[in-house]
Structures are given as C-alpha cells and as structure tokens.
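So the structure is just underneath, and the comments pick up after that.
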Amino acid sequence: MKNILSYIILILAVSVKIKGQVGIGTPNPSTNSVLEVSSTDKGILLMRNNITNTTSPAPLSAHVQGIITYNLSNSNDVSEGLYQNNGIQWTKLSYDYPYGTISNSLATTDNNGWYLLNGRAVSSLPANVQSRAVSLGFATNLPNADDRFIKTKDTSETLGLLSGSSTIALTQANLPNVTFMGSTNSAGDHSHTYIDRGSGTTTNSGTGPAGMNPEADDTVGTYTTGTSGNHSHQVSMLSGGSSQPVNINPSYLVTNVFIYLGN
C-alpha cells in the first residue's frame, strides 16, 4: 500500500512539472511562456541548415508551418540568415539595408527604420537616427523629395542635391538656326493715286520752305503717279507664340520616398 501511494505522489509531481513553465537560467519563468531562457553572456544557438531555394522544403522532407532555421547557403533566391517556413515556402525573417538606402512606397508615415523624405529638420529625428543622417551628409535637414524624380549623380554633383524643374522655357538659343524671310509678289510696273487738296497753305512734309504747297498744282482733283518699275515690299511674319513653358513630366505613378536610417 505504501509503494502504491508513493507511486501516485510521483505521478502527480511529474504531471505538475510537465504542465508548468520551464526556465533555463531563471528559477521563475514567465507564466505566459512554455520556455524562458535567461543569460547575461550567452545566446540561443538555433539549428543551421542549407536551404536550396524558397520553394523547395529541403533540407526538410516537406514544408512545415512554423519551423525556423538559420540558413548558411547563398544560392538561387536565398541568402544567409534566419528563415521561417509558412507551410508553403521559406521566407527570410529580416533584411539588412545599408543606411541611406532610398525606396519608393505607398506608405504615408515613418515605419520600421524608414523615414519620409519631406525636408524635415534632422533635429526632429530620434537621437541615434540623427547621427546616421549627419554621417550621410544631412546636417540640417533631410532632402524634400516632393514632386521630384530620382536620378544618379554625375561627376560634378553631390549626393542629396535638389535640382531640376518640371517645365522648360524655350529661348532663341533652343530653336533651330533658321532665318524666315519673305516678300510680296513683284507684279510689274504699276502706279498709285493721290488726291490734290487744291490751293492753300500746308505744312511741307519734305525739305522745302514752310508755307509752300507741296501738291502737284493748285487744282483740286485726283492724280496718278508715274510708274516706277518692278519693286517689292518687306513682310514681317509673327510666330503666334505666347511664351508658355513646356511641361516635360512624363506619365507617372505618385508615391512617397523614404530613406532607411534604422531604428
């Protein structure tokens, strides 16, 4: 009877231990965890495998949702780092972006170490992020990417430079070197008529003395000049332009632009 009682007590003790929390490095594991590992100078070493690609379950025999492993290989579409299996394929748990990486996004606010390039003061960023912005050359403000395209630098430009325009105004130097000239048709000898106002004092439009009548004679009438041979007239041709700037924006998709500065 004593042996049976001892056996029952042992079973109950094992049952309590199995259903409780397990602590490694701590006598009081969290009641919300199955396992808590604690150390001030050590880490957890996960299993290390070679994944061949994200669609193949290898080195597993099949995809199993929830498995995590550290991949050692760099081949096909996988690189070294932590991977999880979602039951369909492998996905990498994290990506390392160099500070200063630029990316377009439909996100509207800062997220996961990505900061909106909206011209804000560097002093408004978290302290550790400020130093990274300064190291990239942004001592006072982040660039404002609003309504701008991103281009690679040429040999004389500095990184982060804001320049360019969405329109261009043509000048004479932008036009082809073409001279436009024209003349009326030469129609042969012809004459012109004028009306004589008759006698009286007029203002001489020529070089004669004032008060002299510059007309043909003192008789009122219509007279015809003599023919003076073929001649032409100069013609001015207006361009019809109104100096409106030319919009050089191509078709586009509107996004926000972010810079990675880390958390």
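Residue names in the structure tokens use chain letters A, B, ... in the order shown, residue numbers from 1 in each chain, and ligand numbers from 1 in the order shown.
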Checklist entry - Any idea what's packed within 8 Å of Phe258 in chain A, counting only C-alpha atoms, ignoring anything in its chain fewer than 2 positions away? Could you give it as a ChimeraX atom specification? => result /A:102-105,110,114-117,256,260
Need the shell around range 154-164 of chain A: protein/DNA/RNA residues with any atom at most 9 Å away, counting only C-alpha atoms. Skip same-chain ones fewer than 6 positions apart. Format as a PDB file with N, CA and C atoms, in the first residue's frame?
```
ATOM      1  N   LEU A 136      25.541  60.814 -43.381  1.00  0.00           N
ATOM      2  CA  LEU A 136      25.205  60.741 -44.804  1.00  0.00           C
ATOM      3  C   LEU A 136      25.281  62.109 -45.476  1.00  0.00           C
ATOM      4  N   GLY A 137      25.586  63.155 -44.690  1.00  0.00           N
ATOM      5  CA  GLY A 137      25.724  64.494 -45.257  1.00  0.00           C
ATOM      6  C   GLY A 137      24.550  65.408 -45.024  1.00  0.00           C
ATOM      7  N   PHE A 138      23.560  64.963 -44.234  1.00  0.00           N
ATOM      8  CA  PHE A 138      22.378  65.781 -43.965  1.00  0.00           C
ATOM      9  C   PHE A 138      22.486  66.365 -42.560  1.00  0.00           C
ATOM     10  N   LEU A 142      16.677  66.787 -43.834  1.00  0.00           N
ATOM     11  CA  LEU A 142      16.593  65.724 -44.828  1.00  0.00           C
ATOM     12  C   LEU A 142      16.135  66.346 -46.149  1.00  0.00           C
ATOM     13  N   PRO A 143      16.513  65.778 -47.294  1.00  0.00           N
ATOM     14  CA  PRO A 143      16.026  66.317 -48.563  1.00  0.00           C
ATOM     15  C   PRO A 143      14.507  66.216 -48.648  1.00  0.00           C
ATOM     16  N   ASN A 144      13.906  67.105 -49.399  1.00  0.00           N
ATOM     17  CA  ASN A 144      12.462  67.069 -49.641  1.00  0.00           C
ATOM     18  C   ASN A 144      12.237  66.489 -51.032  1.00  0.00           C
ATOM     19  N   ALA A 145      11.737  65.255 -51.085  1.00  0.00           N
ATOM     20  CA  ALA A 145      11.563  64.562 -52.362  1.00  0.00           C
ATOM     21  C   ALA A 145      10.213  64.835 -53.014  1.00  0.00           C
ATOM     22  N   ARG A 148       9.502  65.146 -57.105  1.00  0.00           N
ATOM     23  CA  ARG A 148      10.816  65.012 -57.731  1.00  0.00           C
ATOM     24  C   ARG A 148      11.068  63.572 -58.168  1.00  0.00           C
TER      25      ARG A 148
END
```
Item to check | Pick from A:Gly23, A:Gly240, A:Gly81, A:Pro245 nearest to Met47 in chain A, counting only C-alpha atoms | outcome: A:Gly81
Checklist entry - What's the 8 Å shell around Leu93 in chain A, counting only C-alpha atoms, without same-chain residues fewer than 5 positions away, as number ranges by chain? => result A: 81-84
Can you tell me which residues surround Gly66 in chain A at a distance of at most 8 Å, considering only C-alpha atoms, apart from same-chain residues fewer than 2 positions away, and format the answer as a PDB file with all heavy atoms, in the first residue's frame?
```pdb
ATOM      1  N   VAL A  64       6.754  22.714 -43.431  1.00  0.00           N
ATOM      2  CA  VAL A  64       6.064  22.603 -42.152  1.00  0.00           C
ATOM      3  C   VAL A  64       5.913  24.005 -41.578  1.00  0.00           C
ATOM      4  O   VAL A  64       6.906  24.681 -41.305  1.00  0.00           O
ATOM      5  CB  VAL A  64       6.833  21.709 -41.158  1.00  0.00           C
ATOM      6  CG1 VAL A  64       6.076  21.626 -39.835  1.00  0.00           C
ATOM      7  CG2 VAL A  64       7.039  20.318 -41.752  1.00  0.00           C
ATOM      8  N   ILE A  68      11.624  27.381 -37.891  1.00  0.00           N
ATOM      9  CA  ILE A  68      12.606  28.448 -38.074  1.00  0.00           C
ATOM     10  C   ILE A  68      13.992  27.824 -38.091  1.00  0.00           C
ATOM     11  O   ILE A  68      14.298  26.932 -37.301  1.00  0.00           O
ATOM     12  CB  ILE A  68      12.525  29.490 -36.934  1.00  0.00           C
ATOM     13  CG1 ILE A  68      11.156  30.180 -36.930  1.00  0.00           C
ATOM     14  CG2 ILE A  68      13.633  30.530 -37.077  1.00  0.00           C
ATOM     15  CD1 ILE A  68      10.968  31.152 -35.778  1.00  0.00           C
ATOM     16  N   GLN A  84      11.928  31.426 -41.972  1.00  0.00           N
ATOM     17  CA  GLN A  84      10.798  30.720 -41.393  1.00  0.00           C
ATOM     18  C   GLN A  84      10.031  30.024 -42.514  1.00  0.00           C
ATOM     19  O   GLN A  84      10.076  30.451 -43.671  1.00  0.00           O
ATOM     20  CB  GLN A  84       9.873  31.685 -40.657  1.00  0.00           C
ATOM     21  CG  GLN A  84       9.177  32.681 -41.574  1.00  0.00           C
ATOM     22  CD  GLN A  84       8.207  33.568 -40.817  1.00  0.00           C
ATOM     23  OE1 GLN A  84       8.023  33.402 -39.617  1.00  0.00           O
ATOM     24  NE2 GLN A  84       7.577  34.496 -41.523  1.00  0.00           N
ATOM     25  N   ASN A  85       9.340  28.938 -42.159  1.00  0.00           N
ATOM     26  CA  ASN A  85       8.544  28.215 -43.141  1.00  0.00           C
ATOM     27  C   ASN A  85       7.069  28.455 -42.842  1.00  0.00           C
ATOM     28  O   ASN A  85       6.610  28.281 -41.707  1.00  0.00           O
ATOM     29  CB  ASN A  85       8.860  26.713 -43.071  1.00  0.00           C
ATOM     30  CG  ASN A  85       8.393  25.977 -44.304  1.00  0.00           C
ATOM     31  OD1 ASN A  85       7.196  25.858 -44.557  1.00  0.00           O
ATOM     32  ND2 ASN A  85       9.346  25.482 -45.086  1.00  0.00           N
ATOM     33  N   ASN A  86       6.324  28.898 -43.853  1.00  0.00           N
ATOM     34  CA  ASN A  86       4.897  29.198 -43.646  1.00  0.00           C
ATOM     35  C   ASN A  86       3.987  28.072 -44.112  1.00  0.00           C
ATOM     36  O   ASN A  86       2.775  28.254 -44.262  1.00  0.00           O
ATOM     37  CB  ASN A  86       4.521  30.496 -44.352  1.00  0.00           C
ATOM     38  CG  ASN A  86       4.741  30.442 -45.854  1.00  0.00           C
ATOM     39  OD1 ASN A  86       5.000  29.377 -46.413  1.00  0.00           O
ATOM     40  ND2 ASN A  86       4.655  31.592 -46.499  1.00  0.00           N
ATOM     41  N   GLY A  87       4.573  26.901 -44.343  1.00  0.00           N
ATOM     42  CA  GLY A  87       3.794  25.755 -44.798  1.00  0.00           C
ATOM     43  C   GLY A  87       3.733  25.657 -46.308  1.00  0.00           C
ATOM     44  O   GLY A  87       3.297  24.631 -46.850  1.00  0.00           O
TER      45      GLY A  87
END
```
Next on the checklist: Here is a test: counting only C-alpha atoms, which residue of A:Ile88, A:Ala139, A:Leu72, A:Val34 is nearest to Thr55 in chain A?
Outcome noted: A:Ile88
Checklist entry - Which distance in Å separates CA of Pro176 in chain A and CA of Gly241 in chain A, to one decimal? => result 15.6 Å
Next on the checklist: Just list as an MDAnalysis selection string whatever in range 52-173 of chain A DSSP marks as alpha helix (DSSP H).
Outcome noted: chainID A and resid 127:135
Checklist entry - From the set A:Ser75, A:Ser131, A:Thr26, A:Asn53, which residue has the shortest atom-to-atom contact distance to Ser39 in chain A, counting only C-alpha atoms? => result A:Thr26
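Note that CA of Val129 in chain A and CA of Asn263 in chain A are 7.0 Å apart.
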